[in-house]
file entry19.cif (mmCIF, C-alpha atoms)
data_target
#
loop_
_atom_site.label_atom_id
_atom_site.label_comp_id
_atom_site.auth_asym_id
_atom_site.auth_seq_id
_atom_site.Cartn_x
_atom_site.Cartn_y
_atom_site.Cartn_z
CA MET J 1 21.21 2.09 19.53
CA MET J 2 21.09 -1.35 17.94
CA ASN J 3 23.78 -2.00 15.34
CA THR J 4 21.98 -3.11 12.16
CA LEU J 5 23.37 -4.23 8.82
CA PHE J 6 21.44 -1.47 7.04
CA THR J 7 19.09 1.32 8.06
CA PRO J 8 15.67 -0.14 8.98
CA PRO J 9 12.69 1.19 7.05
CA ALA J 10 10.89 4.16 8.57
CA PRO J 11 7.55 3.33 10.20
CA THR J 12 4.37 3.96 8.24
CA LEU J 13 2.51 6.81 9.92
CA LEU J 14 -0.98 8.12 9.16
CA PRO J 15 -2.36 11.52 10.20
CA ILE J 16 -5.09 11.71 12.82
CA VAL J 17 -7.84 14.33 12.48
CA GLY J 18 -7.39 17.03 15.11
CA GLU J 19 -4.17 15.55 16.52
CA GLU J 20 -0.47 16.31 16.10
CA LYS J 21 0.33 12.68 16.86
CA ARG J 22 0.47 10.13 14.04
CA PHE J 23 -0.97 6.62 13.90
CA PRO J 24 1.77 3.98 13.35
CA VAL J 25 0.56 1.21 11.06
CA ASN J 26 1.31 -2.39 12.01
CA ARG J 27 -0.64 -4.86 9.83
CA VAL J 28 -3.46 -4.40 7.33
CA PHE J 29 -6.19 -7.05 7.33
CA CYS J 30 -8.43 -6.86 4.25
CA ILE J 31 -11.89 -8.43 4.27
CA GLY J 32 -13.14 -9.87 1.00
CA ARG J 33 -16.74 -10.36 -0.12
CA ASN J 34 -18.29 -8.41 2.75
CA TYR J 35 -20.99 -6.80 0.60
CA ALA J 36 -23.39 -9.23 -1.08
CA ALA J 37 -23.76 -7.16 -4.25
CA HIS J 38 -19.99 -6.95 -4.71
CA ALA J 39 -19.61 -10.69 -4.13
CA ALA J 40 -22.28 -11.25 -6.80
CA GLU J 41 -20.56 -9.00 -9.35
CA MET J 42 -17.39 -11.04 -8.80
CA GLY J 43 -19.29 -14.27 -9.45
CA ALA J 44 -19.50 -15.38 -5.82
CA SER J 45 -22.19 -15.65 -3.16
CA VAL J 46 -21.97 -15.40 0.61
CA ASP J 47 -23.86 -17.58 3.08
CA LYS J 48 -23.13 -15.98 6.43
CA GLN J 49 -24.68 -18.83 8.39
CA ASN J 50 -22.30 -21.38 6.88
CA GLN J 51 -19.22 -19.33 6.00
CA ASP J 52 -16.57 -17.45 7.94
CA PRO J 53 -15.24 -14.03 6.94
CA PHE J 54 -12.61 -14.17 4.21
CA TYR J 55 -9.49 -12.02 4.50
CA PHE J 56 -5.96 -11.41 3.23
CA LEU J 57 -3.09 -9.17 4.33
CA LYS J 58 -1.29 -6.14 2.93
CA ALA J 59 2.11 -5.13 4.25
CA SER J 60 2.36 -1.83 6.11
CA CYS J 61 5.19 -0.75 3.79
CA HIS J 62 2.66 -0.72 0.95
CA VAL J 63 0.41 1.82 2.70
CA ILE J 64 0.31 5.38 1.39
CA GLY J 65 -1.69 8.35 2.59
CA ASN J 66 -4.07 10.95 1.22
CA HIS J 67 -3.52 13.26 -1.78
CA GLN J 68 -0.87 11.04 -3.39
CA LYS J 69 0.06 10.52 -7.03
CA ILE J 70 1.33 7.07 -7.91
CA ALA J 71 2.69 5.42 -11.02
CA PHE J 72 0.49 2.87 -12.74
CA PRO J 73 1.47 -0.43 -11.05
CA LEU J 74 3.82 -2.85 -12.73
CA GLY J 75 2.71 -6.14 -14.22
CA THR J 76 -0.96 -5.40 -14.82
CA ALA J 77 -3.22 -4.27 -17.64
CA ASN J 78 -6.35 -4.26 -15.47
CA LEU J 79 -5.99 -2.22 -12.27
CA HIS J 80 -9.21 -2.01 -10.23
CA HIS J 81 -10.48 0.38 -7.55
CA GLU J 82 -12.20 -0.75 -4.34
CA VAL J 83 -13.28 1.88 -1.78
CA GLU J 84 -13.50 0.72 1.82
CA LEU J 85 -14.20 1.74 5.40
CA VAL J 86 -11.01 1.23 7.40
CA VAL J 87 -11.00 0.45 11.14
CA ALA J 88 -7.95 1.46 13.20
CA LEU J 89 -7.13 -0.37 16.44
CA ASP J 90 -5.24 1.14 19.39
CA LYS J 91 -5.54 -1.69 21.91
CA PRO J 92 -4.56 -5.37 21.83
CA ALA J 93 -7.28 -7.94 21.22
CA PHE J 94 -6.98 -11.69 21.50
CA GLN J 95 -9.98 -14.02 21.45
CA VAL J 96 -12.31 -11.14 22.30
CA ASN J 97 -16.07 -11.42 22.06
CA GLU J 98 -18.16 -9.10 19.93
CA ALA J 99 -19.40 -7.14 22.94
CA ASP J 100 -15.83 -6.15 23.87
CA ALA J 101 -14.50 -5.67 20.35
CA ALA J 102 -15.49 -2.01 20.09
CA ASP J 103 -13.15 -1.16 22.98
CA CYS J 104 -10.19 -1.92 20.68
CA VAL J 105 -11.24 0.61 18.02
CA TYR J 106 -9.50 3.99 17.93
CA GLY J 107 -11.07 5.39 14.81
CA TYR J 108 -11.93 5.11 11.14
CA ALA J 109 -10.65 6.19 7.73
CA VAL J 110 -11.44 5.87 4.04
CA GLY J 111 -9.29 3.41 2.11
CA PHE J 112 -8.64 2.15 -1.42
CA ASP J 113 -7.77 -1.50 -1.91
CA LEU J 114 -6.05 -1.36 -5.29
CA THR J 115 -6.16 -4.68 -7.12
CA ARG J 116 -4.32 -6.08 -10.13
CA ARG J 117 -7.47 -7.87 -11.27
CA ASP J 118 -5.90 -9.75 -14.17
CA LEU J 119 -3.33 -11.28 -11.83
CA GLN J 120 -6.03 -12.09 -9.29
CA ASN J 121 -8.14 -13.86 -11.91
CA LYS J 122 -5.17 -15.96 -12.99
CA ALA J 123 -4.47 -16.89 -9.38
CA LYS J 124 -8.12 -17.84 -8.82
CA GLU J 125 -8.11 -20.09 -11.89
CA LYS J 126 -5.09 -21.99 -10.54
CA GLY J 127 -6.15 -21.96 -6.88
CA LEU J 128 -3.10 -19.89 -5.95
CA PRO J 129 -2.68 -17.10 -3.36
CA TRP J 130 -3.61 -13.53 -4.27
CA ASP J 131 -0.44 -11.80 -3.04
CA SER J 132 0.72 -10.47 -6.40
CA SER J 133 -2.72 -9.00 -7.08
CA LYS J 134 -3.32 -7.41 -3.68
CA ASN J 135 -0.05 -6.94 -1.80
CA PHE J 136 2.14 -4.64 -3.88
CA GLU J 137 3.65 -1.16 -3.66
CA ASP J 138 1.07 1.59 -3.01
CA ALA J 139 -1.76 -0.96 -3.00
CA ALA J 140 -3.29 0.27 0.28
CA VAL J 141 -4.28 3.94 0.13
CA ILE J 142 -5.57 5.17 3.48
CA GLY J 143 -6.71 8.62 4.49
CA GLU J 144 -6.65 10.53 7.75
CA ILE J 145 -7.96 8.61 10.76
CA THR J 146 -10.91 10.17 12.57
CA PRO J 147 -11.20 9.15 16.26
CA LYS J 148 -14.39 7.20 16.91
CA THR J 149 -15.48 9.82 19.45
CA GLN J 150 -15.93 12.21 16.52
CA VAL J 151 -17.86 9.80 14.29
CA GLY J 152 -21.57 9.03 14.24
CA GLU J 153 -23.15 5.72 13.24
CA ILE J 154 -20.31 4.52 11.05
CA GLU J 155 -22.13 1.31 10.12
CA LYS J 156 -24.99 3.34 8.66
CA ALA J 157 -22.90 5.60 6.43
CA ARG J 158 -22.85 6.23 2.70
CA ILE J 159 -19.68 4.94 1.03
CA ALA J 160 -18.84 6.07 -2.49
CA LEU J 161 -16.07 6.48 -5.05
CA THR J 162 -15.80 8.79 -8.04
CA ILE J 163 -13.32 8.75 -10.91
CA ASN J 164 -12.80 12.07 -12.67
CA GLY J 165 -16.04 13.26 -11.05
CA GLU J 166 -18.15 10.28 -12.19
CA VAL J 167 -19.69 8.06 -9.50
CA ARG J 168 -18.49 4.47 -9.84
CA GLN J 169 -19.31 2.98 -6.43
CA ASP J 170 -22.20 4.08 -4.23
CA GLY J 171 -23.32 2.00 -1.26
CA ASN J 172 -23.91 2.05 2.47
CA THR J 173 -21.96 0.44 5.29
CA SER J 174 -25.26 -0.88 6.66
CA ASP J 175 -24.89 -3.52 3.94
CA LEU J 176 -21.77 -5.03 5.55
CA ILE J 177 -22.35 -8.77 5.87
CA TRP J 178 -20.06 -9.06 8.89
CA SER J 179 -20.13 -6.08 11.24
CA ILE J 180 -17.02 -4.43 12.65
CA PRO J 181 -17.34 -6.19 16.06
CA GLU J 182 -17.85 -9.53 14.29
CA LEU J 183 -14.74 -8.99 12.18
CA ILE J 184 -12.55 -8.03 15.14
CA ALA J 185 -13.78 -10.99 17.18
CA TYR J 186 -13.20 -13.39 14.30
CA ILE J 187 -9.68 -12.22 13.39
CA SER J 188 -8.70 -12.23 17.07
CA ARG J 189 -9.29 -16.00 17.12
CA PHE J 190 -6.24 -16.43 14.87
CA TYR J 191 -4.06 -13.39 15.62
CA ARG J 192 -3.12 -11.39 18.68
CA LEU J 193 -4.35 -8.09 17.29
CA GLN J 194 -2.12 -5.17 18.21
CA PRO J 195 -2.31 -1.38 18.39
CA GLY J 196 -1.64 -0.12 14.89
CA ASP J 197 -3.49 -2.92 13.12
CA LEU J 198 -5.96 -1.82 10.45
CA ILE J 199 -8.98 -3.66 9.09
CA MET J 200 -10.24 -2.80 5.61
CA THR J 201 -13.86 -3.94 5.86
CA GLY J 202 -14.71 -4.69 2.23
CA THR J 203 -16.03 -2.84 -0.80
CA PRO J 204 -19.52 -2.28 -2.21
CA GLU J 205 -20.48 -3.11 -5.78
CA GLY J 206 -19.28 -1.14 -8.77
CA VAL J 207 -15.57 -2.00 -8.83
CA GLY J 208 -13.87 -1.44 -12.13
CA SER J 209 -10.75 -0.48 -14.01
CA ILE J 210 -8.53 2.56 -13.50
CA GLN J 211 -6.46 4.23 -16.20
CA ALA J 212 -3.35 6.39 -16.07
CA GLY J 213 -4.40 9.98 -15.47
CA ASP J 214 -7.51 9.09 -13.43
CA VAL J 215 -8.32 11.00 -10.27
CA LEU J 216 -10.09 8.97 -7.58
CA VAL J 217 -12.07 10.39 -4.65
CA GLY J 218 -13.39 8.09 -1.95
CA ASP J 219 -16.00 9.11 0.63
CA VAL J 220 -17.42 7.57 3.77
CA GLU J 221 -19.99 9.78 5.44
CA GLY J 222 -18.45 11.57 8.43
CA LEU J 223 -14.81 10.92 7.44
CA THR J 224 -12.16 12.85 5.51
CA PRO J 225 -12.43 12.15 1.75
CA LEU J 226 -9.57 10.22 0.16
CA HIS J 227 -7.88 11.46 -3.02
CA LEU J 228 -5.56 9.55 -5.35
CA THR J 229 -4.14 10.33 -8.79
CA ILE J 230 -2.85 7.60 -11.07
CA GLY J 231 0.22 8.83 -12.96
#
call {"tool": "encode", "arguments": {"input": "entry19.cif", "output": "structure tokens"}}
result
Amino acid sequence: MMNTLFTPPAPTLLPIVGEEKRFPVNRVFCIGRNYAAHAAEMGASVDKQNQDPFYFLKASCHVIGNHQKIAFPLGTANLHHEVELVVALDKPAFQVNEADAADCVYGYAVGFDLTRRDLQNKAKEKGLPWDSSKNFEDAAVIGEITPKTQVGEIEKARIALTINGEVRQDGNTSDLIWSIPELIAYISRFYRLQPGDLIMTGTPEGVGSIQAGDVLVGDVEGLTPLHLTIG
């Protein structure tokens, strides 16, 4: 056993539907502005022919699982919800083409990309990175992973989020601007994707604020719903 200065953090593990094994999380790639209507509500537009996918990272230590209760995050007065389809990889991928990208996918899950929107807006105004608004404790909420062999047409699935039973986001993954194979192929141009990497594929329109006491439920058709309570 390696002699370390202090005990290393435990790995982040996510349950797999129908399996005793757990999925160890490596990195979390988050795609921004991948639904045109959401981009528009954020004051942006997307020209796929002349733009590349836009993404940022969340640390694996900030990932939490299903049915959690978290404290309202520090440093924000405007916490926002974003429900997403999450893609889980179990094979390496480097400079792959779109035709081969699907071979790297193990399965899918529902995710919440929690965002400190007030901090993000300040960063945008100054042209600064978004880390403080996106990459913080408990900011990536990800449910059980369903193997792709058990999922139907995942890119033609309803995706929705309710807060306290009220529908806030309601879209369809068929509206993804960049498809899952396109995203994997693009990211693999810059990173040697590894087993355990996750891709959060973007959120549909309807994002908004969350308050202490809210109960969030995220759904992607064919996957296990995701529940989160804000303390």
call {"tool": "resolve_selection", "arguments": {"input": "entry19.cif", "expression": "the PyMOL selection byres ((chain J and resi 215-225) around 7)", "output": "number ranges by chain"}}
result
J: 83, 85, 109-110, 143-144, 146, 151, 157-164, 213-214, 226-230
call {"tool": "resolve_selection", "arguments": {"input": "entry19.cif", "expression": "the PyMOL selection byres ((chain J and resi 105-108) around 6)", "output": "PyMOL selection string"}}
result
chain J and resi 86-90+102-104+109+145-148
call {"tool": "closest_atom_pairs", "arguments": {"input": "entry19.cif", "of": "range 94-175 of chain J", "to": "range 187-199 of chain J", "cutoff": "8 Å", "atoms": "only C-alpha atoms", "output": "Markdown table"}}
result
| residue | atom | partner | partner_atom | distance |
| --- | --- | --- | --- | --- |
| J:Phe94 | CA | J:Ser188 | CA | 4.8 |
| J:Gln95 | CA | J:Arg189 | CA | 4.8 |
| J:Val96 | CA | J:Ser188 | CA | 6.4 |
call {"tool": "residues_around", "arguments": {"input": "entry19.cif", "residues": "Thr173 in chain J", "least_positions_apart": "2", "cutoff": "6 Å", "atoms": "only C-alpha atoms", "output": "PyMOL selection string"}}
result
chain J and resi 155-157+175-176
call {"tool": "atom_distance", "arguments": {"input": "entry19.cif", "atom1": "CA of Leu79 in chain J", "atom2": "CA of Asp118 in chain J"}}
result
7.8 Å
call {"tool": "atom_distance", "arguments": {"input": "entry19.cif", "atom1": "CA of Arg168 in chain J", "atom2": "CA of His80 in chain J"}}
result
11.3 Å
call {"tool": "atom_distance", "arguments": {"input": "entry19.cif", "atom1": "CA of Ala39 in chain J", "atom2": "CA of Asn26 in chain J"}}
result
27.7 Å
call {"tool": "axis_aligned_box", "arguments": {"input": "entry19.cif", "around": "range 148-163 of chain J", "padding_each_side": "8 Å", "output": "JSON"}}
result
{"center_x": -19.2, "center_y": 6.8, "center_z": 4.3, "size_x": 27.7, "size_y": 26.9, "size_z": 46.4}
call {"tool": "build_atoms", "arguments": {"input": "entry19.cif", "residues": "range 106-133 of chain J", "atoms": "N, CA and C atoms", "output": "PDB file, keeping the file's coordinate frame"}}
result
ATOM      1  N   TYR J 106      -9.876   2.593  17.720  1.00  0.00           N
ATOM      2  CA  TYR J 106      -9.500   3.990  17.930  1.00  0.00           C
ATOM      3  C   TYR J 106     -10.278   4.914  17.012  1.00  0.00           C
ATOM      4  N   GLY J 107     -10.401   4.511  15.749  1.00  0.00           N
ATOM      5  CA  GLY J 107     -11.070   5.390  14.810  1.00  0.00           C
ATOM      6  C   GLY J 107     -11.238   4.748  13.449  1.00  0.00           C
ATOM      7  N   TYR J 108     -11.568   5.597  12.472  1.00  0.00           N
ATOM      8  CA  TYR J 108     -11.930   5.110  11.140  1.00  0.00           C
ATOM      9  C   TYR J 108     -11.326   6.008  10.060  1.00  0.00           C
ATOM     10  N   ALA J 109     -11.171   5.436   8.871  1.00  0.00           N
ATOM     11  CA  ALA J 109     -10.650   6.190   7.730  1.00  0.00           C
ATOM     12  C   ALA J 109     -11.254   5.615   6.451  1.00  0.00           C
ATOM     13  N   VAL J 110     -11.073   6.357   5.375  1.00  0.00           N
ATOM     14  CA  VAL J 110     -11.440   5.870   4.040  1.00  0.00           C
ATOM     15  C   VAL J 110     -10.219   5.215   3.420  1.00  0.00           C
ATOM     16  N   GLY J 111     -10.415   4.102   2.742  1.00  0.00           N
ATOM     17  CA  GLY J 111      -9.290   3.410   2.110  1.00  0.00           C
ATOM     18  C   GLY J 111      -9.612   2.959   0.701  1.00  0.00           C
ATOM     19  N   PHE J 112      -8.550   2.796  -0.103  1.00  0.00           N
ATOM     20  CA  PHE J 112      -8.640   2.150  -1.420  1.00  0.00           C
ATOM     21  C   PHE J 112      -7.833   0.870  -1.385  1.00  0.00           C
ATOM     22  N   ASP J 113      -8.465  -0.229  -1.716  1.00  0.00           N
ATOM     23  CA  ASP J 113      -7.770  -1.500  -1.910  1.00  0.00           C
ATOM     24  C   ASP J 113      -7.540  -1.642  -3.412  1.00  0.00           C
ATOM     25  N   LEU J 114      -6.360  -1.246  -3.872  1.00  0.00           N
ATOM     26  CA  LEU J 114      -6.050  -1.360  -5.290  1.00  0.00           C
ATOM     27  C   LEU J 114      -5.737  -2.821  -5.632  1.00  0.00           C
ATOM     28  N   THR J 115      -6.237  -3.260  -6.771  1.00  0.00           N
ATOM     29  CA  THR J 115      -6.160  -4.680  -7.120  1.00  0.00           C
ATOM     30  C   THR J 115      -5.736  -4.873  -8.565  1.00  0.00           C
ATOM     31  N   ARG J 116      -4.704  -5.695  -8.768  1.00  0.00           N
ATOM     32  CA  ARG J 116      -4.320  -6.080 -10.130  1.00  0.00           C
ATOM     33  C   ARG J 116      -5.235  -7.252 -10.519  1.00  0.00           C
ATOM     34  N   ARG J 117      -6.392  -6.889 -11.093  1.00  0.00           N
ATOM     35  CA  ARG J 117      -7.470  -7.870 -11.270  1.00  0.00           C
ATOM     36  C   ARG J 117      -7.070  -8.992 -12.225  1.00  0.00           C
ATOM     37  N   ASP J 118      -6.298  -8.689 -13.251  1.00  0.00           N
ATOM     38  CA  ASP J 118      -5.900  -9.750 -14.170  1.00  0.00           C
ATOM     39  C   ASP J 118      -5.033 -10.786 -13.469  1.00  0.00           C
ATOM     40  N   LEU J 119      -4.145 -10.329 -12.578  1.00  0.00           N
ATOM     41  CA  LEU J 119      -3.330 -11.280 -11.830  1.00  0.00           C
ATOM     42  C   LEU J 119      -4.172 -12.061 -10.825  1.00  0.00           C
ATOM     43  N   GLN J 120      -5.146 -11.392 -10.227  1.00  0.00           N
ATOM     44  CA  GLN J 120      -6.030 -12.090  -9.290  1.00  0.00           C
ATOM     45  C   GLN J 120      -6.829 -13.180 -10.005  1.00  0.00           C
ATOM     46  N   ASN J 121      -7.345 -12.864 -11.170  1.00  0.00           N
ATOM     47  CA  ASN J 121      -8.140 -13.860 -11.910  1.00  0.00           C
ATOM     48  C   ASN J 121      -7.301 -15.079 -12.284  1.00  0.00           C
ATOM     49  N   LYS J 122      -6.055 -14.840 -12.679  1.00  0.00           N
ATOM     50  CA  LYS J 122      -5.170 -15.960 -12.990  1.00  0.00           C
ATOM     51  C   LYS J 122      -4.912 -16.816 -11.758  1.00  0.00           C
ATOM     52  N   ALA J 123      -4.705 -16.158 -10.617  1.00  0.00           N
ATOM     53  CA  ALA J 123      -4.470 -16.890  -9.380  1.00  0.00           C
ATOM     54  C   ALA J 123      -5.703 -17.711  -8.984  1.00  0.00           C
ATOM     55  N   LYS J 124      -6.884 -17.118  -9.142  1.00  0.00           N
ATOM     56  CA  LYS J 124      -8.120 -17.840  -8.820  1.00  0.00           C
ATOM     57  C   LYS J 124      -8.260 -19.095  -9.680  1.00  0.00           C
ATOM     58  N   GLU J 125      -7.968 -18.953 -10.965  1.00  0.00           N
ATOM     59  CA  GLU J 125      -8.110 -20.090 -11.890  1.00  0.00           C
ATOM     60  C   GLU J 125      -7.216 -21.256 -11.480  1.00  0.00           C
ATOM     61  N   LYS J 126      -6.049 -20.942 -10.902  1.00  0.00           N
ATOM     62  CA  LYS J 126      -5.090 -21.990 -10.540  1.00  0.00           C
ATOM     63  C   LYS J 126      -5.143 -22.343  -9.048  1.00  0.00           C
ATOM     64  N   GLY J 127      -6.050 -21.700  -8.316  1.00  0.00           N
ATOM     65  CA  GLY J 127      -6.150 -21.960  -6.880  1.00  0.00           C
ATOM     66  C   GLY J 127      -4.941 -21.489  -6.097  1.00  0.00           C
ATOM     67  N   LEU J 128      -4.309 -20.414  -6.580  1.00  0.00           N
ATOM     68  CA  LEU J 128      -3.100 -19.890  -5.950  1.00  0.00           C
ATOM     69  C   LEU J 128      -3.405 -18.673  -5.080  1.00  0.00           C
ATOM     70  N   PRO J 129      -2.479 -18.291  -4.196  1.00  0.00           N
ATOM     71  CA  PRO J 129      -2.680 -17.100  -3.360  1.00  0.00           C
ATOM     72  C   PRO J 129      -2.794 -15.827  -4.200  1.00  0.00           C
ATOM     73  N   TRP J 130      -3.338 -14.782  -3.580  1.00  0.00           N
ATOM     74  CA  TRP J 130      -3.610 -13.530  -4.270  1.00  0.00           C
ATOM     75  C   TRP J 130      -2.519 -12.474  -4.061  1.00  0.00           C
ATOM     76  N   ASP J 131      -1.403 -12.821  -3.467  1.00  0.00           N
ATOM     77  CA  ASP J 131      -0.440 -11.800  -3.040  1.00  0.00           C
ATOM     78  C   ASP J 131      -0.050 -10.841  -4.157  1.00  0.00           C
ATOM     79  N   SER J 132       0.251 -11.355  -5.335  1.00  0.00           N
ATOM     80  CA  SER J 132       0.720 -10.470  -6.400  1.00  0.00           C
ATOM     81  C   SER J 132      -0.368  -9.515  -6.876  1.00  0.00           C
ATOM     82  N   SER J 133      -1.616  -9.860  -6.630  1.00  0.00           N
ATOM     83  CA  SER J 133      -2.720  -9.000  -7.080  1.00  0.00           C
ATOM     84  C   SER J 133      -3.160  -8.000  -6.031  1.00  0.00           C
TER      85      SER J 133
END
